[in-house]
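Here is the file target_30.cif (mmCIF, C-alpha atoms and all ligand atoms).
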data_coords
loop_
_atom_site.label_atom_id
_atom_site.label_comp_id
_atom_site.auth_asym_id
_atom_site.auth_seq_id
_atom_site.Cartn_x
_atom_site.Cartn_y
_atom_site.Cartn_z
CA MET A 291 -123.10 31.49 52.11
CA SER A 292 -125.89 31.62 54.67
CA ASP A 293 -125.06 28.29 56.36
CA GLN A 294 -121.57 29.54 57.13
CA ILE A 295 -122.33 33.09 58.12
CA SER A 296 -122.34 32.12 61.79
CA ILE A 297 -118.53 32.35 62.05
CA PRO A 298 -118.34 36.17 61.94
CA GLU A 299 -121.53 36.36 63.98
CA LEU A 300 -119.87 34.16 66.56
CA THR A 301 -116.47 35.85 66.58
CA ARG A 302 -116.85 39.49 65.63
CA LYS A 303 -118.02 40.56 69.05
CA ASP A 304 -114.61 39.47 70.35
CA PHE A 305 -112.76 42.08 68.26
CA PRO A 306 -113.03 45.56 69.81
CA LEU A 307 -111.54 47.23 66.75
CA LEU A 308 -114.10 45.65 64.43
CA ASN A 309 -116.90 46.52 66.83
CA LYS A 310 -116.95 50.27 66.42
CA GLU A 311 -114.88 50.67 69.60
CA GLY A 312 -111.66 51.60 67.79
CA GLU A 313 -110.27 54.96 66.64
CA ILE A 314 -112.35 54.75 63.46
CA LYS A 315 -115.83 54.22 64.81
CA ASN A 316 -117.77 54.72 61.62
CA ASN A 317 -118.28 51.33 59.92
CA LEU A 318 -114.67 50.31 59.56
CA ILE A 319 -114.13 47.59 56.97
CA TYR A 320 -110.76 46.01 57.61
CA LEU A 321 -109.52 44.12 54.56
CA ASP A 322 -105.83 44.07 55.45
CA HIS A 323 -105.66 40.89 57.54
CA ALA A 324 -102.68 39.60 55.54
CA ALA A 325 -100.59 42.58 56.71
CA THR A 326 -101.61 42.02 60.31
CA SER A 327 -104.65 40.40 61.83
CA GLN A 328 -106.92 42.07 64.36
CA LYS A 329 -106.82 40.82 67.96
CA PRO A 330 -109.70 39.29 69.91
CA LYS A 331 -110.32 40.40 73.49
CA GLN A 332 -109.13 36.99 74.74
CA VAL A 333 -105.63 37.86 73.45
CA ILE A 334 -105.79 41.46 74.67
CA ASN A 335 -106.96 40.26 78.11
CA ALA A 336 -104.12 37.73 78.29
CA LEU A 337 -101.64 40.57 77.72
CA VAL A 338 -103.35 42.89 80.23
CA ASN A 339 -103.54 40.07 82.77
CA TYR A 340 -99.88 39.17 82.33
CA TYR A 341 -98.63 42.75 82.65
CA SER A 342 -101.07 43.54 85.49
CA TYR A 343 -100.58 40.49 87.69
CA GLN A 344 -97.83 38.14 86.47
CA ASN A 345 -95.03 40.33 85.10
CA ALA A 346 -91.56 39.10 86.07
CA ASN A 347 -88.49 37.94 84.20
CA VAL A 348 -88.41 34.28 83.27
CA HIS A 349 -85.96 31.47 84.09
CA ARG A 350 -84.03 33.67 86.52
CA GLY A 351 -85.82 34.62 89.70
CA ALA A 352 -86.04 32.57 92.86
CA HIS A 353 -89.29 34.33 93.69
CA GLN A 354 -92.81 33.06 93.13
CA LEU A 355 -93.71 35.68 90.58
CA SER A 356 -90.83 34.66 88.33
CA ALA A 357 -91.92 31.03 88.69
CA ILE A 358 -95.46 31.98 87.59
CA ALA A 359 -94.19 34.00 84.58
CA THR A 360 -91.85 31.13 83.63
CA GLN A 361 -94.65 28.60 83.87
CA LYS A 362 -96.95 30.74 81.67
CA PHE A 363 -94.17 31.38 79.15
CA GLU A 364 -93.19 27.70 78.91
CA ASN A 365 -96.86 26.78 78.67
CA ALA A 366 -97.07 29.09 75.63
CA ARG A 367 -94.29 27.00 74.09
CA GLN A 368 -96.29 23.81 74.71
CA VAL A 369 -99.38 25.37 73.11
CA THR A 370 -97.33 26.46 70.07
CA SER A 371 -95.82 22.98 69.77
CA LYS A 372 -99.27 21.34 69.85
CA PHE A 373 -100.73 23.93 67.46
CA ILE A 374 -98.35 22.85 64.68
CA GLY A 375 -98.21 19.15 65.57
CA SER A 376 -94.58 19.12 66.71
CA ASN A 377 -93.26 16.30 68.88
CA SER A 378 -91.78 18.41 71.63
CA ALA A 379 -91.86 21.95 73.02
CA LYS A 380 -88.05 21.85 72.84
CA GLU A 381 -88.47 22.21 69.09
CA ILE A 382 -90.07 25.65 69.42
CA VAL A 383 -87.70 28.63 69.46
CA PHE A 384 -89.41 31.93 70.20
CA THR A 385 -88.26 34.77 67.95
CA ARG A 386 -89.40 38.34 67.31
CA ASN A 387 -91.24 37.33 64.14
CA ALA A 388 -91.02 34.99 61.14
CA THR A 389 -88.31 37.19 59.59
CA GLU A 390 -86.05 36.56 62.57
CA ALA A 391 -86.84 32.83 62.43
CA ILE A 392 -85.68 32.64 58.80
CA ASN A 393 -82.57 34.71 59.59
CA LEU A 394 -81.82 32.31 62.45
CA VAL A 395 -81.79 29.39 60.01
CA ALA A 396 -79.70 31.29 57.45
CA PHE A 397 -77.09 32.47 59.96
CA SER A 398 -76.87 29.38 62.14
CA TRP A 399 -77.73 26.36 59.97
CA GLY A 400 -76.79 28.03 56.67
CA ASN A 401 -73.38 29.22 57.81
CA THR A 402 -72.61 25.77 59.19
CA PHE A 403 -73.97 23.42 56.55
CA ILE A 404 -74.07 25.35 53.27
CA LYS A 405 -70.77 25.66 51.42
CA GLU A 406 -69.46 27.58 48.43
CA ASN A 407 -71.26 26.60 45.19
CA ASP A 408 -74.06 24.83 47.06
CA GLU A 409 -77.53 25.87 45.96
CA ILE A 410 -80.57 27.26 47.72
CA LEU A 411 -83.87 27.01 45.89
CA ILE A 412 -86.49 29.65 46.57
CA SER A 413 -89.32 31.02 44.41
CA LEU A 414 -90.15 34.26 42.67
CA MET A 415 -93.18 34.73 44.90
CA GLU A 416 -91.21 34.89 48.19
CA HIS A 417 -91.64 37.65 50.73
CA HIS A 418 -88.42 39.68 51.16
CA SER A 419 -87.91 37.93 54.50
CA ASN A 420 -87.28 34.70 52.59
CA ILE A 421 -84.99 36.27 49.99
CA VAL A 422 -82.67 38.75 51.70
CA PRO A 423 -81.30 36.37 54.42
CA TRP A 424 -80.22 33.98 51.62
CA GLN A 425 -78.63 36.83 49.67
CA LEU A 426 -76.62 37.78 52.77
CA LEU A 427 -75.53 34.16 53.17
CA SER A 428 -74.71 33.87 49.49
CA LYS A 429 -72.51 37.01 49.60
CA LYS A 430 -70.71 35.61 52.61
CA ILE A 431 -70.01 32.03 51.55
CA GLY A 432 -70.50 32.02 47.79
CA CYS A 433 -73.51 29.70 47.58
CA LYS A 434 -76.02 30.19 44.74
CA ILE A 435 -79.68 31.16 44.94
CA LYS A 436 -81.96 29.69 42.27
CA PHE A 437 -85.56 30.71 41.66
CA ILE A 438 -88.55 28.50 40.93
CA GLY A 439 -90.70 30.25 38.34
CA ILE A 440 -94.44 30.86 38.11
CA THR A 441 -96.98 29.22 35.79
CA LYS A 442 -99.19 31.25 33.45
CA ASN A 443 -101.91 30.66 35.99
CA GLY A 444 -99.96 32.48 38.70
CA GLU A 445 -98.94 29.41 40.70
CA LEU A 446 -95.64 27.75 41.57
CA ASP A 447 -94.16 26.01 38.52
CA LEU A 448 -93.44 22.56 39.92
CA GLU A 449 -91.86 21.39 36.68
CA ASP A 450 -89.42 24.26 36.90
CA ALA A 451 -88.69 23.23 40.49
CA TYR A 452 -87.78 19.73 39.25
CA LYS A 453 -85.48 21.28 36.64
CA LYS A 454 -83.73 23.58 39.12
CA LEU A 455 -83.19 20.92 41.78
CA THR A 456 -79.71 19.36 41.62
CA ASP A 457 -77.43 17.35 43.85
CA LYS A 458 -75.94 20.71 44.91
CA THR A 459 -79.28 21.86 46.35
CA LYS A 460 -78.97 22.02 50.12
CA LEU A 461 -82.20 23.83 50.93
CA ILE A 462 -85.61 24.59 49.49
CA SER A 463 -86.97 27.64 51.31
CA ILE A 464 -90.50 28.43 50.32
CA LEU A 465 -93.69 30.03 51.49
CA TYR A 466 -96.69 27.83 52.08
CA THR A 467 -99.19 30.49 51.08
CA SER A 468 -98.36 33.50 48.94
CA ASN A 469 -99.24 36.90 50.43
CA THR A 470 -99.50 38.31 46.89
CA LEU A 471 -100.71 35.55 44.56
CA GLY A 472 -102.82 33.81 47.19
CA CYS A 473 -101.84 30.32 46.01
CA CYS A 474 -100.92 27.50 48.41
CA ASN A 475 -97.78 25.61 47.44
CA PRO A 476 -97.55 21.78 47.36
CA ILE A 477 -95.38 21.45 50.45
CA LYS A 478 -95.57 17.65 50.73
CA LYS A 479 -94.38 17.27 47.14
CA LEU A 480 -91.59 19.84 47.61
CA THR A 481 -90.50 18.09 50.81
CA GLU A 482 -90.25 14.78 48.98
CA MET A 483 -88.26 16.47 46.20
CA ALA A 484 -85.88 18.14 48.68
CA HIS A 485 -85.29 14.97 50.66
CA ASN A 486 -84.68 12.94 47.49
CA VAL A 487 -81.57 15.02 46.81
CA GLY A 488 -80.56 15.16 50.47
CA ALA A 489 -81.67 18.79 50.92
CA HIS A 490 -83.65 20.34 53.77
CA ILE A 491 -86.88 22.32 53.40
CA LEU A 492 -87.91 25.48 55.24
CA VAL A 493 -91.55 26.53 55.10
CA ASP A 494 -92.65 30.13 55.69
CA ALA A 495 -96.11 29.63 57.16
CA CYS A 496 -96.93 33.30 57.87
CA GLN A 497 -100.03 33.38 55.69
CA THR A 498 -101.14 29.84 56.50
CA LEU A 499 -101.28 29.39 60.26
CA ALA A 500 -104.50 31.39 60.77
CA HIS A 501 -106.25 29.83 57.78
CA GLN A 502 -105.71 26.06 57.80
CA LYS A 503 -104.34 23.37 60.06
CA ILE A 504 -100.63 22.67 59.71
CA ASN A 505 -98.99 19.55 61.05
CA VAL A 506 -95.20 19.65 60.75
CA SER A 507 -94.85 15.95 61.56
CA GLU A 508 -97.28 14.95 58.80
CA LEU A 509 -95.64 17.30 56.31
CA GLY A 510 -92.22 15.90 57.17
CA ILE A 511 -90.53 19.30 56.71
CA ASP A 512 -87.34 20.48 58.45
CA PHE A 513 -88.03 24.10 59.44
CA LEU A 514 -91.18 26.19 59.86
CA ALA A 515 -91.35 29.95 60.49
CA GLY A 516 -94.39 31.75 61.87
CA SER A 517 -95.42 35.20 63.14
CA SER A 518 -97.83 35.78 66.02
CA HIS A 519 -99.34 38.97 64.62
CA LYS A 520 -100.59 37.19 61.49
CA LEU A 521 -102.63 34.74 63.56
CA CYS A 522 -104.52 37.14 65.86
CA GLY A 523 -101.66 37.35 68.39
CA PRO A 524 -99.55 40.34 69.48
CA THR A 525 -96.67 41.79 67.46
CA GLY A 526 -93.08 41.24 68.64
CA CYS A 527 -93.30 37.45 68.79
CA GLY A 528 -92.91 34.62 66.34
CA PHE A 529 -91.30 31.21 66.28
CA LEU A 530 -89.04 28.81 64.50
CA TRP A 531 -89.83 25.12 64.61
CA SER A 532 -87.28 22.48 63.68
CA LYS A 533 -86.54 18.88 64.60
CA GLU A 534 -84.57 18.41 67.79
CA ASP A 535 -81.64 16.68 66.06
CA ILE A 536 -81.30 19.53 63.55
CA LEU A 537 -81.48 22.21 66.25
CA GLU A 538 -78.88 20.31 68.33
CA GLN A 539 -76.39 20.54 65.45
CA MET A 540 -76.89 24.29 64.96
CA PRO A 541 -74.67 26.85 66.74
CA PRO A 542 -76.31 29.77 68.58
CA PHE A 543 -77.56 32.69 66.53
CA LEU A 544 -77.21 35.50 69.09
CA GLY A 545 -75.11 35.55 72.26
CA GLY A 546 -76.00 36.92 75.70
CA GLY A 547 -77.99 36.11 78.79
CA GLU A 548 -80.42 33.17 78.97
CA MET A 549 -78.68 31.16 76.20
CA ILE A 550 -75.63 30.02 78.18
CA GLN A 551 -74.82 27.16 80.51
CA ASP A 552 -71.49 28.51 81.70
CA VAL A 553 -69.52 31.64 80.83
CA GLY A 554 -65.74 31.65 81.06
CA LYS A 555 -63.38 34.49 80.27
CA TYR A 556 -62.87 33.49 76.65
CA GLU A 557 -65.37 30.74 76.00
CA SER A 558 -68.86 29.75 77.02
CA SER A 559 -71.10 26.73 76.77
CA TRP A 560 -74.72 26.76 75.68
CA ALA A 561 -78.00 26.15 77.43
CA ASP A 562 -80.14 23.20 76.38
CA LEU A 563 -82.70 23.48 73.59
CA PRO A 564 -84.49 25.67 72.85
CA HIS A 565 -82.89 28.26 75.14
CA LYS A 566 -79.56 28.25 73.34
CA PHE A 567 -81.33 30.22 70.57
CA GLU A 568 -83.13 32.66 72.86
CA ALA A 569 -80.56 35.24 73.94
CA GLY A 570 -81.76 38.02 76.24
CA THR A 571 -85.14 38.61 77.82
CA PRO A 572 -87.82 37.23 75.50
CA ALA A 573 -91.20 38.77 74.64
CA ILE A 574 -92.88 37.00 77.58
CA GLY A 575 -96.34 38.57 77.56
CA GLU A 576 -96.41 38.43 73.76
CA ALA A 577 -95.62 34.69 73.69
CA ILE A 578 -98.45 34.16 76.20
CA GLY A 579 -100.71 36.28 73.96
CA MET A 580 -99.69 34.27 70.88
CA ALA A 581 -100.62 31.02 72.64
CA GLU A 582 -104.00 32.53 73.55
CA ALA A 583 -104.52 33.41 69.87
CA MET A 584 -103.73 29.82 68.86
CA LYS A 585 -106.26 28.53 71.40
CA TYR A 586 -108.79 31.02 70.06
CA LEU A 587 -108.35 29.78 66.49
CA GLU A 588 -108.58 26.18 67.60
CA ASN A 589 -111.77 26.89 69.52
CA ILE A 590 -113.40 28.13 66.32
CA GLY A 591 -111.84 25.21 64.41
CA LEU A 592 -109.29 25.66 61.62
CA GLU A 593 -111.22 23.38 59.30
CA LYS A 594 -114.32 25.56 59.76
CA ILE A 595 -112.23 28.69 59.18
CA LYS A 596 -110.76 27.22 56.00
CA ASN A 597 -114.15 26.24 54.60
CA TYR A 598 -115.71 29.59 55.42
CA GLU A 599 -112.83 31.61 54.00
CA ASN A 600 -112.78 29.46 50.83
CA LYS A 601 -116.40 30.34 50.16
CA LEU A 602 -115.76 34.00 50.96
CA ILE A 603 -112.75 34.28 48.63
CA ASN A 604 -114.74 32.74 45.79
CA TYR A 605 -117.47 35.29 46.39
CA LEU A 606 -114.99 38.20 46.43
CA PHE A 607 -113.08 36.96 43.38
CA ASN A 608 -116.23 36.47 41.32
CA LYS A 609 -117.37 40.00 42.12
CA LEU A 610 -114.00 41.59 41.32
CA ILE A 611 -113.49 39.73 38.06
CA THR A 612 -116.51 41.53 36.57
CA ILE A 613 -114.91 44.98 37.05
CA LYS A 614 -113.79 46.51 33.74
CA GLY A 615 -110.00 46.92 33.45
CA ILE A 616 -109.16 44.79 36.50
CA LYS A 617 -106.09 42.56 36.37
CA ILE A 618 -105.89 40.02 39.18
CA LEU A 619 -102.58 38.43 40.18
CA GLY A 620 -102.57 34.77 41.12
CA PRO A 621 -104.87 31.85 40.43
CA LYS A 622 -108.65 31.87 40.30
CA PRO A 623 -109.94 30.28 43.50
CA ILE A 624 -111.51 26.87 43.16
CA VAL A 625 -114.01 25.76 45.77
CA ASP A 626 -112.38 23.29 48.18
CA LYS A 627 -108.86 24.02 46.91
CA ASN A 628 -106.67 25.71 49.51
CA ARG A 629 -106.08 29.35 48.76
CA ALA A 630 -105.36 32.46 50.83
CA PRO A 631 -108.45 34.61 51.35
CA LEU A 632 -106.97 37.55 49.47
CA VAL A 633 -107.13 39.15 46.05
CA THR A 634 -104.28 41.26 44.64
CA PHE A 635 -105.20 43.42 41.67
CA ASN A 636 -104.56 46.44 39.51
CA ILE A 637 -106.98 48.62 37.60
CA GLU A 638 -105.86 49.65 34.15
CA GLY A 639 -104.77 53.30 34.06
CA LEU A 640 -104.89 53.81 37.84
CA HIS A 641 -102.28 53.63 40.60
CA SER A 642 -103.00 51.23 43.45
CA ASN A 643 -102.19 53.95 46.02
CA ASP A 644 -104.95 56.19 44.63
CA ILE A 645 -107.42 53.32 44.86
CA ALA A 646 -106.39 52.54 48.45
CA GLU A 647 -106.68 56.22 49.43
CA MET A 648 -110.13 56.54 47.90
CA LEU A 649 -111.28 53.43 49.76
CA ASP A 650 -109.75 54.76 52.97
CA ALA A 651 -111.94 57.84 52.66
CA SER A 652 -114.86 55.40 53.09
CA ASN A 653 -113.13 53.69 56.04
CA ILE A 654 -112.16 50.63 54.01
CA CYS A 655 -108.61 49.45 54.72
CA ILE A 656 -106.77 47.63 51.94
CA ARG A 657 -103.04 47.43 51.22
CA SER A 658 -101.26 48.96 48.26
CA GLY A 659 -97.60 48.73 47.25
CA HIS A 660 -95.37 45.74 46.61
CA HIS A 661 -96.36 43.84 49.79
CA CYS A 662 -92.64 43.06 50.42
CA CYS A 663 -92.70 41.00 47.21
CA GLN A 664 -90.79 43.09 44.69
CA LEU A 665 -89.59 40.05 42.72
CA ILE A 666 -93.07 38.93 41.78
CA HIS A 667 -94.04 42.50 40.91
CA LYS A 668 -90.94 42.81 38.71
CA TYR A 669 -91.85 39.49 37.10
CA TYR A 670 -95.24 40.93 36.12
CA GLN A 671 -93.53 44.23 35.17
CA ILE A 672 -95.49 46.30 37.66
CA ASN A 673 -94.37 48.43 40.61
CA SER A 674 -97.32 47.97 42.86
CA SER A 675 -100.73 46.44 43.32
CA ALA A 676 -103.76 46.71 45.57
CA ARG A 677 -104.63 43.84 47.91
CA ALA A 678 -107.83 43.08 49.79
CA SER A 679 -107.32 40.34 52.38
CA LEU A 680 -110.05 38.70 54.43
CA SER A 681 -110.32 36.68 57.61
CA PHE A 682 -112.95 34.55 59.34
CA THR A 683 -114.41 37.80 60.73
CA SER A 684 -115.08 39.16 57.23
CA THR A 685 -118.62 39.13 55.89
CA VAL A 686 -120.43 39.03 52.56
CA GLU A 687 -121.89 42.45 53.39
CA GLU A 688 -118.38 43.88 53.78
CA ILE A 689 -117.38 42.43 50.41
CA ASP A 690 -120.49 43.97 48.81
CA ILE A 691 -119.71 47.40 50.27
CA PHE A 692 -116.04 47.11 49.32
CA THR A 693 -116.81 46.18 45.69
CA LYS A 694 -119.41 48.89 45.30
CA THR A 695 -117.06 51.51 46.77
CA LEU A 696 -114.23 50.25 44.57
CA ILE A 697 -116.39 50.62 41.45
CA ASP A 698 -117.45 54.14 42.52
CA SER A 699 -113.81 55.06 43.28
CA ILE A 700 -112.62 53.83 39.87
CA LYS A 701 -115.31 55.90 38.16
CA PHE A 702 -114.40 59.00 40.21
CA LEU A 703 -110.66 58.62 39.56
CA LYS A 704 -111.17 58.04 35.84
CA ASP A 705 -113.64 60.94 35.51
CA ASN A 706 -111.19 63.26 37.26
CA SER A 707 -107.96 62.17 35.65
C1 LIG B 801 -95.55 35.24 53.36
C2 LIG B 801 -94.89 36.11 54.39
N1 LIG B 801 -93.69 35.76 54.87
C3 LIG B 801 -93.07 36.48 55.79
C4 LIG B 801 -93.62 37.64 56.29
C5 LIG B 801 -92.87 38.40 57.31
O1 LIG B 801 -93.56 38.44 58.51
P1 LIG B 801 -92.96 39.26 59.74
O2 LIG B 801 -92.81 40.68 59.24
O3 LIG B 801 -93.99 39.13 60.79
O4 LIG B 801 -91.67 38.65 60.07
C6 LIG B 801 -94.86 38.06 55.81
C7 LIG B 801 -95.47 39.33 56.26
O5 LIG B 801 -96.18 39.97 55.52
C8 LIG B 801 -95.52 37.27 54.85
O6 LIG B 801 -96.72 37.61 54.36
#
Target encoding structure tokens, full file:
Amino acid sequence: MSDQISIPELTRKDFPLLNKEGEIKNNLIYLDHAATSQKPKQVINALVNYYSYQNANVHRGAHQLSAIATQKFENARQVTSKFIGSNSAKEIVFTRNATEAINLVAFSWGNTFIKENDEILISLMEHHSNIVPWQLLSKKIGCKIKFIGITKNGELDLEDAYKKLTDKTKLISILYTSNTLGCCNPIKKLTEMAHNVGAHILVDACQTLAHQKINVSELGIDFLAGSSHKLCGPTGCGFLWSKEDILEQMPPFLGGGEMIQDVGKYESSWADLPHKFEAGTPAIGEAIGMAEAMKYLENIGLEKIKNYENKLINYLFNKLITIKGIKILGPKPIVDKNRAPLVTFNIEGLHSNDIAEMLDASNICIRSGHHCCQLIHKYYQINSSARASLSFTSTVEEIDIFTKTLIDSIKFLKDNS
């Protein structure tokens, strides 16, 4: 690992919370990056700077300050567009988060283009944000949801996907990287499969954007959803990307200010893309902060991040696998194969909440519960699991301390049960 260790050395100083400046000053080990990432000072400063010196509403004011805020906000759209390799900033719709982006597609595109008895193909490993919007749509218009299964290995069963795909399939909606199993799905293959039957594909990239480079044009997909807070940006902002011609055909999702061209007594007309989907005052400072986070990741280099995290996850996995009674969900990492830097596990005879609480007593933050993925937990016939998730700021030393404390905690809990 030593040749790669420079990434945390280079970046960690940028994260106040990881630098003993936060509420928990005593050797905090944050292993919950998949729930939300920590924020570097570049992002925090962008927010402070915006609210201190540039705060004004966008697209409305005749005054200079509004022009500055608008320019910064629209620049954030350009940065987001470049970050994912899209052709135009018009293809970026700012939302509150990835959940809202998926709901936008379900309510606008889904309600328009999906009909009764049409089929939507999702997988058993989806986050609730990529299940519930389709259930709401299905209840409303009578379309069917079908589920791609999981292999014994804990990965997407591509053969099952082939079997479930029919000429009634109108959409494959799938996560790129699983927040529970850690696997990365074959998006190019799934895109080809969707397009072969005339369906669209939506990719939930929440757990991918901070870990590897994504290029929507190269992937050839139709929709992409992302959340700022998973990629070192502020909460309250996310985005939907889609091709201009698809967005043009979609009706607005929410109505109100900013999204109109003209308002009459009983009818209105819509603003140009992407504003027709952005009703009301947007999260201006947060979009600017998200763009700063994207620039920060690009400065480190997403390829470097991917390589470093791949090594780190192998190291963590190989340590955990030796623990007696551990059951890990998802595939074993393979060096150079894309995988999320996280491990989800259970310890025989113990509840994941007890493990997380014991670790918390040593200032180690992990997640326990169903991680908004009840379907995959039901599939494995469990209610909850523990999850340790890393980032490019994580270190081998942290993994060593975490594993040792986990082993001590298991012993304590078993001795006292
Ligand atoms: C894979 C995946 N999809 C979607 C989401 C939802 O993200 P948000 O709550 O920011 O909308 C998450 C959050 O954990 C996630 O991990």
Of the listed residues A:Leu563, A:Leu640, A:Leu307, A:Leu471, that which approaches ligand LIG 801 (chain B) most closely, counting only C-alpha atoms and all ligand atoms
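Once distances to ligand LIG 801 (chain B) are computed over only C-alpha atoms and all ligand atoms, the minimum belongs to A:Leu471.
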Residue contacts of segment 588-595 of chain A (10 Å, only C-alpha atoms) excluding same-chain residues fewer than 6 positions away, as a PyMOL selection string:
chain A and resi 294+297+300-301+373+499-504+582+681-683
Kindly provide the residues of chain A that approach ligand LIG 801 (chain B) to within 7 Å, each paired with its closest atom pair and their distance in Å to one decimal, based on all atoms listed in the file, listed by chain and increasing number, as a tab-separated table.
residue	atom	partner	partner_atom	distance
A:Ala324	CA	B:LIG801	O6	6.4
A:Ala325	CA	B:LIG801	O5	5.3
A:Asn387	CA	B:LIG801	O4	4.3
A:Ala388	CA	B:LIG801	O4	3.9
A:Thr389	CA	B:LIG801	O4	3.7
A:Glu390	CA	B:LIG801	O4	6.5
A:Glu416	CA	B:LIG801	C1	6.8
A:His417	CA	B:LIG801	N1	5.0
A:Ser419	CA	B:LIG801	C3	5.5
A:Asn420	CA	B:LIG801	C3	6.9
A:Leu465	CA	B:LIG801	C1	5.8
A:Thr467	CA	B:LIG801	C1	6.4
A:Ser468	CA	B:LIG801	C1	5.5
A:Asn469	CA	B:LIG801	O6	4.7
A:Asp494	CA	B:LIG801	N1	5.8
A:Ala495	CA	B:LIG801	C1	6.8
A:Cys496	CA	B:LIG801	C2	4.9
A:Gln497	CA	B:LIG801	C1	5.4
A:Ser517	CA	B:LIG801	O3	4.8
A:His519	CA	B:LIG801	O3	6.6
A:Lys520	CA	B:LIG801	O3	6.9
A:His661	CA	B:LIG801	O5	6.9
A:Cys662	CA	B:LIG801	O5	6.9
Using only C-alpha atoms, what residues lie at most 10 Å away from (-118.8, 28.6, 46.7) (file coordinates), given as an MDAnalysis selection string?
chainID A and resid 291 597:605 608 623:626
Could you dump the residues just selected with C-alpha atoms as a PDB file, in the coordinates of the input?
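File produced: part14.pdb:
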ATOM      1  CA  MET A 291    -123.100  31.490  52.110  1.00  0.00           C
ATOM      2  CA  ASN A 597    -114.150  26.240  54.600  1.00  0.00           C
ATOM      3  CA  TYR A 598    -115.710  29.590  55.420  1.00  0.00           C
ATOM      4  CA  GLU A 599    -112.830  31.610  54.000  1.00  0.00           C
ATOM      5  CA  ASN A 600    -112.780  29.460  50.830  1.00  0.00           C
ATOM      6  CA  LYS A 601    -116.400  30.340  50.160  1.00  0.00           C
ATOM      7  CA  LEU A 602    -115.760  34.000  50.960  1.00  0.00           C
ATOM      8  CA  ILE A 603    -112.750  34.280  48.630  1.00  0.00           C
ATOM      9  CA  ASN A 604    -114.740  32.740  45.790  1.00  0.00           C
ATOM     10  CA  TYR A 605    -117.470  35.290  46.390  1.00  0.00           C
ATOM     11  CA  ASN A 608    -116.230  36.470  41.320  1.00  0.00           C
ATOM     12  CA  PRO A 623    -109.940  30.280  43.500  1.00  0.00           C
ATOM     13  CA  ILE A 624    -111.510  26.870  43.160  1.00  0.00           C
ATOM     14  CA  VAL A 625    -114.010  25.760  45.770  1.00  0.00           C
ATOM     15  CA  ASP A 626    -112.380  23.290  48.180  1.00  0.00           C
TER      16      ASP A 626
END
Non-local contacts of segment 397-411 of chain A (6 Å; all atoms listed in the file; under 2 positions in same chain excluded) as an NGL selection string:
:A and (393-395 or 431-437 or 458-462 or 540-541 or 543)
Just-selected residues, C-alpha atoms written as a PDB file, in the coordinates of the input:
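Writing the result to selection17.pdb gives the following:
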ATOM      1  CA  ASN A 393     -82.570  34.710  59.590  1.00  0.00           C
ATOM      2  CA  LEU A 394     -81.820  32.310  62.450  1.00  0.00           C
ATOM      3  CA  VAL A 395     -81.790  29.390  60.010  1.00  0.00           C
ATOM      4  CA  ILE A 431     -70.010  32.030  51.550  1.00  0.00           C
ATOM      5  CA  GLY A 432     -70.500  32.020  47.790  1.00  0.00           C
ATOM      6  CA  CYS A 433     -73.510  29.700  47.580  1.00  0.00           C
ATOM      7  CA  LYS A 434     -76.020  30.190  44.740  1.00  0.00           C
ATOM      8  CA  ILE A 435     -79.680  31.160  44.940  1.00  0.00           C
ATOM      9  CA  LYS A 436     -81.960  29.690  42.270  1.00  0.00           C
ATOM     10  CA  PHE A 437     -85.560  30.710  41.660  1.00  0.00           C
ATOM     11  CA  LYS A 458     -75.940  20.710  44.910  1.00  0.00           C
ATOM     12  CA  THR A 459     -79.280  21.860  46.350  1.00  0.00           C
ATOM     13  CA  LYS A 460     -78.970  22.020  50.120  1.00  0.00           C
ATOM     14  CA  LEU A 461     -82.200  23.830  50.930  1.00  0.00           C
ATOM     15  CA  ILE A 462     -85.610  24.590  49.490  1.00  0.00           C
ATOM     16  CA  MET A 540     -76.890  24.290  64.960  1.00  0.00           C
ATOM     17  CA  PRO A 541     -74.670  26.850  66.740  1.00  0.00           C
ATOM     18  CA  PHE A 543     -77.560  32.690  66.530  1.00  0.00           C
TER      19      PHE A 543
END
Select, counting all atoms listed in the file, all protein, DNA and RNA residues no farther than 10 Å from (-102.1, 41.5, 62.4) in file coordinates, and express the selection as a ChimeraX atom specification.
/A:322-329,517-525
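Atom CA of Glu311 of chain A to atom CA of Lys331 of chain A spans 11.9 Å [interatomic distance, one decimal].
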Contacts of Phe692 of chain A at 9 Å or less, counting all atoms listed in the file, minus same-chain residues fewer than 5 places along, as a ChimeraX atom specification?
/A:319,321,649,654,687,697
Just give me the gap between atom CA of Ser296 of chain A and atom CA of Arg657 of chain A in Å, one decimal is fine.
26.8 Å
Excluding Leu308 of chain A and its own-chain neighbours fewer than 6 positions away, which residues fall within 8 Å of it when counting only C-alpha atoms? Please give them as number ranges by chain.
A: 302, 318-320
